[in-house]
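Have a look at entry38.tsv below; it lists TSV, C-alpha atoms.
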chain	number	residue	atom	x	y	z
A	370	MET	CA	36.16	73.27	-42.75
A	371	ALA	CA	39.39	72.25	-41.08
A	372	PHE	CA	39.37	68.57	-40.23
A	373	GLY	CA	41.71	67.36	-37.54
A	374	ARG	CA	42.42	70.83	-36.23
A	375	SER	CA	41.09	71.48	-32.78
A	376	ARG	CA	39.84	74.87	-31.77
A	377	ARG	CA	40.21	76.35	-28.39
A	378	PRO	CA	36.94	76.49	-26.47
A	379	LEU	CA	35.22	79.86	-26.44
A	380	THR	CA	34.91	81.75	-23.20
A	381	GLU	CA	31.48	82.88	-22.02
A	382	GLU	CA	32.21	86.42	-23.20
A	383	GLU	CA	33.07	85.20	-26.71
A	384	LYS	CA	29.93	83.11	-27.10
A	385	SER	CA	27.12	84.53	-29.18
A	386	SER	CA	23.61	85.18	-27.93
A	387	ASP	CA	22.12	85.56	-31.42
A	388	LEU	CA	18.94	83.47	-31.36
A	389	ALA	CA	18.59	83.38	-35.16
A	390	LYS	CA	22.09	82.00	-35.66
A	391	ALA	CA	21.58	79.41	-32.93
A	392	ARG	CA	18.27	78.37	-34.50
A	393	ALA	CA	19.94	78.03	-37.92
A	394	ARG	CA	22.75	75.93	-36.41
A	395	ALA	CA	20.21	73.69	-34.68
A	396	LEU	CA	18.24	73.18	-37.88
A	397	GLU	CA	21.44	72.32	-39.79
A	398	THR	CA	22.36	69.79	-37.14
A	399	LEU	CA	18.90	68.22	-37.07
A	400	ALA	CA	18.77	68.04	-40.86
A	401	ALA	CA	21.98	66.03	-40.85
A	402	GLN	CA	21.07	63.52	-38.14
A	403	GLU	CA	18.62	62.60	-35.41
A	404	ILE	CA	20.03	63.52	-32.00
A	405	SER	CA	18.71	63.92	-28.47
A	406	SER	CA	17.86	67.26	-26.91
A	407	GLY	CA	20.81	66.89	-24.53
A	408	GLN	CA	23.22	66.40	-27.41
A	409	LEU	CA	21.82	69.40	-29.27
A	410	TYR	CA	22.10	71.54	-26.15
A	411	GLU	CA	25.76	70.52	-25.69
A	412	ARG	CA	26.58	71.27	-29.31
A	413	LEU	CA	24.92	74.67	-29.21
A	414	CYS	CA	26.67	75.56	-25.94
A	415	ARG	CA	30.02	75.36	-27.75
A	416	ARG	CA	29.28	78.60	-29.66
A	417	PHE	CA	26.25	80.12	-27.98
A	418	THR	CA	25.37	81.11	-24.43
A	419	GLU	CA	23.55	78.61	-22.25
A	420	GLN	CA	20.36	80.69	-22.23
A	421	THR	CA	20.31	80.91	-26.03
A	422	ALA	CA	21.00	77.18	-26.41
A	423	ALA	CA	18.26	76.29	-23.92
A	424	ALA	CA	15.75	78.56	-25.69
A	425	VAL	CA	16.52	77.02	-29.09
A	426	VAL	CA	16.30	73.46	-27.75
A	427	ALA	CA	12.96	74.26	-26.12
A	428	GLU	CA	11.72	75.71	-29.41
A	429	MET	CA	12.83	72.60	-31.35
A	430	VAL	CA	11.04	70.34	-28.86
A	431	GLU	CA	7.91	72.50	-29.03
A	432	ARG	CA	7.90	72.31	-32.83
A	433	GLU	CA	8.46	68.55	-32.56
A	434	TYR	CA	11.72	68.66	-34.50
A	435	LEU	CA	13.27	66.98	-31.47
A	436	ASP	CA	11.65	64.03	-29.72
A	437	ASP	CA	13.77	62.16	-27.18
A	438	ASP	CA	11.33	59.24	-26.98
A	439	ARG	CA	11.47	58.74	-30.74
A	440	TYR	CA	15.25	59.11	-30.72
A	441	ALA	CA	15.64	56.58	-27.89
A	442	GLU	CA	13.57	53.96	-29.69
A	443	LEU	CA	15.35	54.55	-33.01
A	444	ARG	CA	18.74	54.32	-31.33
A	445	ALA	CA	17.74	51.17	-29.41
A	446	ARG	CA	16.64	49.50	-32.68
A	447	GLY	CA	19.99	50.39	-34.23
A	448	LEU	CA	21.88	48.97	-31.27
A	449	LEU	CA	19.89	45.74	-31.43
A	450	ALA	CA	20.67	45.49	-35.15
A	451	ALA	CA	24.34	45.97	-34.23
A	452	ARG	CA	24.00	42.93	-31.92
A	453	LYS	CA	24.36	44.88	-28.68
A	454	SER	CA	23.14	43.50	-25.39
A	455	ARG	CA	20.37	45.21	-23.48
A	456	ARG	CA	22.90	46.39	-20.91
A	457	ALA	CA	25.24	47.85	-23.55
A	458	ALA	CA	22.28	49.55	-25.26
A	459	ALA	CA	21.18	51.11	-21.96
A	460	GLN	CA	24.69	52.42	-21.36
A	461	ASN	CA	24.84	53.91	-24.86
A	462	LEU	CA	21.48	55.63	-24.39
A	463	ARG	CA	22.56	57.04	-21.02
A	464	GLN	CA	25.64	58.49	-22.69
A	465	LYS	CA	23.36	60.28	-25.15
A	466	GLY	CA	21.80	62.18	-22.25
A	467	LEU	CA	18.42	60.44	-22.18
A	468	ALA	CA	16.31	60.11	-19.06
A	469	PRO	CA	16.02	56.69	-17.36
A	470	ARG	CA	12.28	56.59	-18.13
A	471	GLN	CA	12.94	57.09	-21.85
A	472	ILE	CA	15.70	54.47	-21.87
A	473	GLU	CA	13.52	51.89	-20.15
A	474	ALA	CA	10.58	52.52	-22.48
A	475	ALA	CA	12.77	52.24	-25.59
A	476	LEU	CA	14.43	49.05	-24.40
A	477	GLU	CA	11.08	47.50	-23.48
A	478	SER	CA	9.70	48.18	-26.94
A	479	VAL	CA	12.76	46.80	-28.71
A	480	TYR	CA	14.11	44.02	-26.49
A	481	THR	CA	10.81	42.25	-25.72
A	482	PRO	CA	10.28	38.71	-27.04
A	483	ASP	CA	8.44	38.54	-30.36
A	484	GLU	CA	5.29	36.52	-31.16
A	485	GLU	CA	7.27	33.27	-31.38
A	486	GLY	CA	8.68	33.89	-27.91
A	487	GLU	CA	12.23	34.42	-29.16
A	488	ASP	CA	14.34	36.84	-27.10
A	489	PRO	CA	16.05	39.48	-29.30
A	490	GLU	CA	19.01	39.63	-26.93
A	491	LEU	CA	19.49	35.87	-27.24
A	492	GLU	CA	19.29	36.15	-31.02
A	493	ALA	CA	21.98	38.86	-30.94
A	494	ALA	CA	24.25	36.71	-28.76
A	495	CYS	CA	23.72	33.67	-31.03
A	496	ALA	CA	24.54	35.76	-34.10
A	497	LEU	CA	27.74	37.03	-32.46
A	498	VAL	CA	28.81	33.51	-31.53
A	499	GLU	CA	28.12	32.34	-35.09
A	500	SER	CA	29.89	35.20	-36.84
A	501	ARG	CA	32.74	36.24	-34.57
A	502	TYR	CA	33.46	33.52	-32.08
A	503	ARG	CA	32.85	30.31	-34.06
A	504	THR	CA	36.56	29.56	-34.54
A	505	LYS	CA	37.40	30.09	-30.87
A	506	LEU	CA	34.51	27.87	-29.84
A	507	ALA	CA	35.53	25.19	-32.35
A	508	SER	CA	39.08	25.21	-31.01
A	509	GLY	CA	37.81	24.56	-27.49
A	510	ARG	CA	38.24	28.07	-26.11
A	511	ARG	CA	34.77	28.35	-24.62
A	512	ASP	CA	36.17	30.42	-21.74
A	513	LEU	CA	37.34	33.14	-24.13
A	514	VAL	CA	33.96	33.26	-25.84
A	515	VAL	CA	32.15	33.54	-22.49
A	516	ALA	CA	34.50	36.32	-21.37
A	517	ALA	CA	34.05	38.23	-24.65
A	518	LEU	CA	30.26	38.02	-24.46
A	519	MET	CA	30.28	39.11	-20.82
A	520	ARG	CA	32.40	42.14	-21.72
A	521	ARG	CA	29.75	42.98	-24.32
A	522	GLY	CA	27.14	43.07	-21.54
A	523	PHE	CA	25.28	39.79	-22.07
A	524	GLY	CA	24.07	37.98	-18.96
A	525	TYR	CA	25.32	34.48	-18.18
A	526	PRO	CA	21.98	32.71	-18.86
A	527	ILE	CA	21.89	34.29	-22.33
A	528	ILE	CA	25.52	33.33	-22.98
A	529	LYS	CA	24.95	29.78	-21.79
A	530	GLU	CA	21.97	29.31	-24.11
A	531	ALA	CA	23.78	30.88	-27.08
A	532	LEU	CA	26.75	28.56	-26.59
A	533	ARG	CA	24.46	25.55	-26.21
A	534	ARG	CA	22.76	26.39	-29.51
A	535	ALA	CA	26.09	26.95	-31.26
A	536	GLU	CA	27.51	23.65	-29.97
A	537	GLU	CA	24.40	21.78	-31.15
A	538	GLU	CA	25.12	22.91	-34.72
A	539	TYR	CA	28.63	21.38	-34.75
Starting from the coordinates I provided, produce the structure as structure tokens.
Amino acid sequence: MAFGRSRRPLTEEEKSSDLAKARARALETLAAQEISSGQLYERLCRRFTEQTAAAVVAEMVEREYLDDDRYAELRARGLLAARKSRRAAAQNLRQKGLAPRQIEAALESVYTPDEEGEDPELEAACALVESRYRTKLASGRRDLVVAALMRRGFGYPIIKEALRRAEEEY
């Protein structure tokens, strides 16, 4: 494997239509990581014809090796753990080629308040303020903290509450 060396894209005539090779490539990819059907299709289209890639993706979905709903929820949980806002998580899921219905369902299951009524997005914003922006807040640069959180996709009511909680601790 040559890392760092880019290959020229194959032309349609150079692409393979071998279904067995495409299936093997798909299984290798899926064994390494969970990806969406759109991502798998794009990866297969680099070396195989569009028809072959579509047939293999359809077969993987039929065999339940690929499940976009499962992937969306797994990815949304990972983004919440990474302290991403709901808006940033939605953007990330859209970039993965997921349908709006799947994105909304995944975000609803992950970003809904728990039994105690605590909002996961608020918890993520509070954790960011505590870990990353504590020094700026302590030095009186509230404006920079608000701007940073807004760039991360948090809404102003969430930011306001997170800053209120952080200032109460000082």
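Compared by their closest atoms to A:Gln460, and using all atoms listed in the file, the residues A:Arg521, A:Arg412, A:Arg439, A:Arg511 rank with A:Arg521 nearest.
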query = Contacts of A:Leu532 at 8 Å or less, counting only C-alpha atoms, minus same-chain residues fewer than 3 places along, as an NGL selection string?
reply = :A and (495 or 498 or 528-529 or 535-536)
For C-alpha atoms, I'd like the residues from the last selection saved as an mmCIF file, in the coordinates of the input.
data_model
loop_
_atom_site.group_PDB
_atom_site.id
_atom_site.type_symbol
_atom_site.label_atom_id
_atom_site.label_comp_id
_atom_site.auth_asym_id
_atom_site.auth_seq_id
_atom_site.Cartn_x
_atom_site.Cartn_y
_atom_site.Cartn_z
ATOM 1 C CA CYS A 495 23.720 33.670 -31.030
ATOM 2 C CA VAL A 498 28.810 33.510 -31.530
ATOM 3 C CA ILE A 528 25.520 33.330 -22.980
ATOM 4 C CA LYS A 529 24.950 29.780 -21.790
ATOM 5 C CA ALA A 535 26.090 26.950 -31.260
ATOM 6 C CA GLU A 536 27.510 23.650 -29.970
#
message = Between A:Arg533, A:Arg394, A:Arg377, A:Lys453, which residue has the minimum interatomic distance to A:Tyr410, considering all atoms listed in the file?
response =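 Of A:Arg533, A:Arg394, A:Arg377, A:Lys453, the one nearest A:Tyr410, counting all atoms listed in the file, is A:Arg394.
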ask   = So how far away is atom CA of A:Arg501 from atom CA of A:Tyr440, in Å?
value =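 Result for atom CA of A:Tyr440 versus atom CA of A:Arg501: 29.0 Å, one decimal.
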query = Quick one: residues within 9 Å of stretch 424-436 of chain A, all atoms listed in the file counted, chain neighbours fewer than 3 positions away excluded, as number ranges by chain?
reply = A: 388, 391-392, 395-396, 399, 403-407, 409-410, 413, 419-421, 439-441
